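Visitor: Have a look at this one.
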Amino acid sequence: MGTKYNLYIFIFVLICCNLFLASHGLPQNNQDTPPTRDSKEPVLDNAVMCEKIKDFTPKNRAVIFSIQIGQVSCFTSFDPVPKKTFIYHKWFHNDKPSTKKKLTLQPPRWATYSTIQLRETDKGHWRVEITDQKGNIFHTVRFTITD
């Protein structure tokens with residue numbers, strides 16, 4: 001009777017575990033799932049803030065910059081780029097529009113950047129919205145300018 005009793009307990013525990021997991025679900029890691037975008041649109045591959053661009057490579061990537069460096073750049077790369085198109089880097093300082101840069105992308109892949117010169121009044125929170133021509137946001141990069 002002891003073995004049969006243990007078997008019933010084991011089956012009961014399995015059923016309870018199954019019900020618990022089914023009712024709560026398990027989190028799924030969606031980071032490996034590529035974004036589903038129309039194949040006619042460019043796909044953003046990389047977006048970073050940096051101190052400067054050298055040989056189309058971002059140098060000294062960061063999210064906090066000193067006003068003393070004099071400039072910051074937003075670097076973006078797209079892969080693939082199905083056709084020639086335009087994107088925008090929309091710069092915002094403390095949630096107020098600062099500048100908008102129109103940039104060209106060329107097939108089959110393309111990297112581009114925009115740069116702003118820093119003034120004493122530019123300290124604070126910034127963001128750059130990378131958008132398509134219709135205003136759809138690919139990504140937003142946030143950073144801060146300090147002393």
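In the structure tokens, chains take the letters A, B, ... in the order shown, each chain's residues start at 1, and ligands count up from 1 in the order shown.
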Taking 6 positions as the minimum chain separation for residues in the same chain, which residues sit within 10 Å of Pro97 (chain A) when counting only C-alpha atoms? Answer as number ranges by chain.

Guide: A: 90-91, 126-128

Visitor: Write the residues of the selection above to a file with N, CA and C atoms, as a PDB file, in the first residue's frame.

Guide:
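part25.pdb was written with the following content:
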```
ATOM      1  N   LYS A  90      16.396  63.953 -34.078  1.00  0.00           N
ATOM      2  CA  LYS A  90      15.703  65.065 -33.427  1.00  0.00           C
ATOM      3  C   LYS A  90      16.264  65.203 -32.013  1.00  0.00           C
ATOM      4  N   TRP A  91      16.988  66.301 -31.785  1.00  0.00           N
ATOM      5  CA  TRP A  91      17.649  66.549 -30.502  1.00  0.00           C
ATOM      6  C   TRP A  91      16.724  67.350 -29.588  1.00  0.00           C
ATOM      7  N   TRP A 126      19.239  65.296 -22.028  1.00  0.00           N
ATOM      8  CA  TRP A 126      19.057  65.328 -23.462  1.00  0.00           C
ATOM      9  C   TRP A 126      18.504  63.992 -23.945  1.00  0.00           C
ATOM     10  N   ARG A 127      17.910  64.044 -25.136  1.00  0.00           N
ATOM     11  CA  ARG A 127      17.562  62.825 -25.854  1.00  0.00           C
ATOM     12  C   ARG A 127      17.647  63.109 -27.350  1.00  0.00           C
ATOM     13  N   VAL A 128      17.912  62.065 -28.096  1.00  0.00           N
ATOM     14  CA  VAL A 128      17.875  62.140 -29.556  1.00  0.00           C
ATOM     15  C   VAL A 128      16.904  61.068 -30.016  1.00  0.00           C
TER      16      VAL A 128
END
```

Visitor: So, counting only C-alpha atoms, which residue among A:Ser66, A:Gln133, A:Ser77, A:Asn60 is closest to Val43 (chain A)?

Guide: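 Going through A:Ser66, A:Gln133, A:Ser77, A:Asn60 one by one, the smallest distance to Val43 (chain A) is for A:Ser77.
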
Visitor: Between CA of Lys54 (chain A) and CA of Arg109 (chain A), what is the distance, to one decimal in Å?

Guide: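 Separation of CA of Lys54 (chain A) and CA of Arg109 (chain A): 18.5 Å.
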
Visitor: In Å, rounded to a single decimal, give me how far CA of Phe86 (chain A) is from CA of Val48 (chain A).

Guide: 18.6 Å

Visitor: Go through A:Phe65, A:Thr76, A:Thr146, A:Ala47 and flag the residue nearest Thr112 (chain A), using only C-alpha atoms for the distances.

Guide: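 Residue with the minimum atom-to-atom distance to Thr112 (chain A): A:Thr76.
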
Visitor: Determine the nearest neighbour of Met49 (chain A) from the options A:Ile67, A:Thr115, A:Ser73, A:Glu129, counting only C-alpha atoms.

Guide: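 Nearest candidate to Met49 (chain A) out of A:Ile67, A:Thr115, A:Ser73, A:Glu129: A:Ser73.
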
Visitor: At what distance in Å, to one decimal, does CA of Arg142 (chain A) lie from CA of His93 (chain A)?

Guide: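 About the pair CA of His93 (chain A) and CA of Arg142 (chain A): they are 10.1 Å apart.
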
Visitor: Would you pick out the contacts of Tyr88 (chain A) at 6 Å or less, using only C-alpha atoms, so that residues sharing its chain but fewer than 3 positions from it are not included, and give the list as a count of residues only?

Guide: 5

Visitor: Extract, using only C-alpha atoms, all DNA, RNA and protein residues at most 8 Å from Lys84 (chain A), discarding same-chain residues fewer than 5 positions from it, and format them as a VMD selection string.

Guide: chain A and resid 104 to 107

Visitor: For those residues, write C-alpha atoms to a file as a PDB file, in the first residue's frame.

Guide:
```pdb
ATOM      1  CA  THR A 104      20.554  60.173 -45.880  1.00  0.00           C
ATOM      2  CA  LEU A 105      20.759  56.373 -45.855  1.00  0.00           C
ATOM      3  CA  GLN A 106      22.026  54.401 -48.871  1.00  0.00           C
ATOM      4  CA  PRO A 107      21.688  50.661 -49.629  1.00  0.00           C
TER       5      PRO A 107
END
```

Visitor: Which residues are close to Ile69 (chain A), i.e. within 10 Å by only C-alpha atoms, leaving aside same-chain residues fewer than 6 positions away? Reply as a ChimeraX atom specification.

Guide: /A:51-52,117-118,145

Visitor: Go through A:Cys74, A:Lys100, A:His139, A:Gln68 and flag the residue nearest Asp122 (chain A), using only C-alpha atoms for the distances.

Guide: A:Gln68

Visitor: I need the residue nearest Pro58 (chain A) from this list: A:His89, A:Ser98, A:Tyr113, A:Val81. Use only C-alpha atoms for the distance.

Guide: A:Tyr113
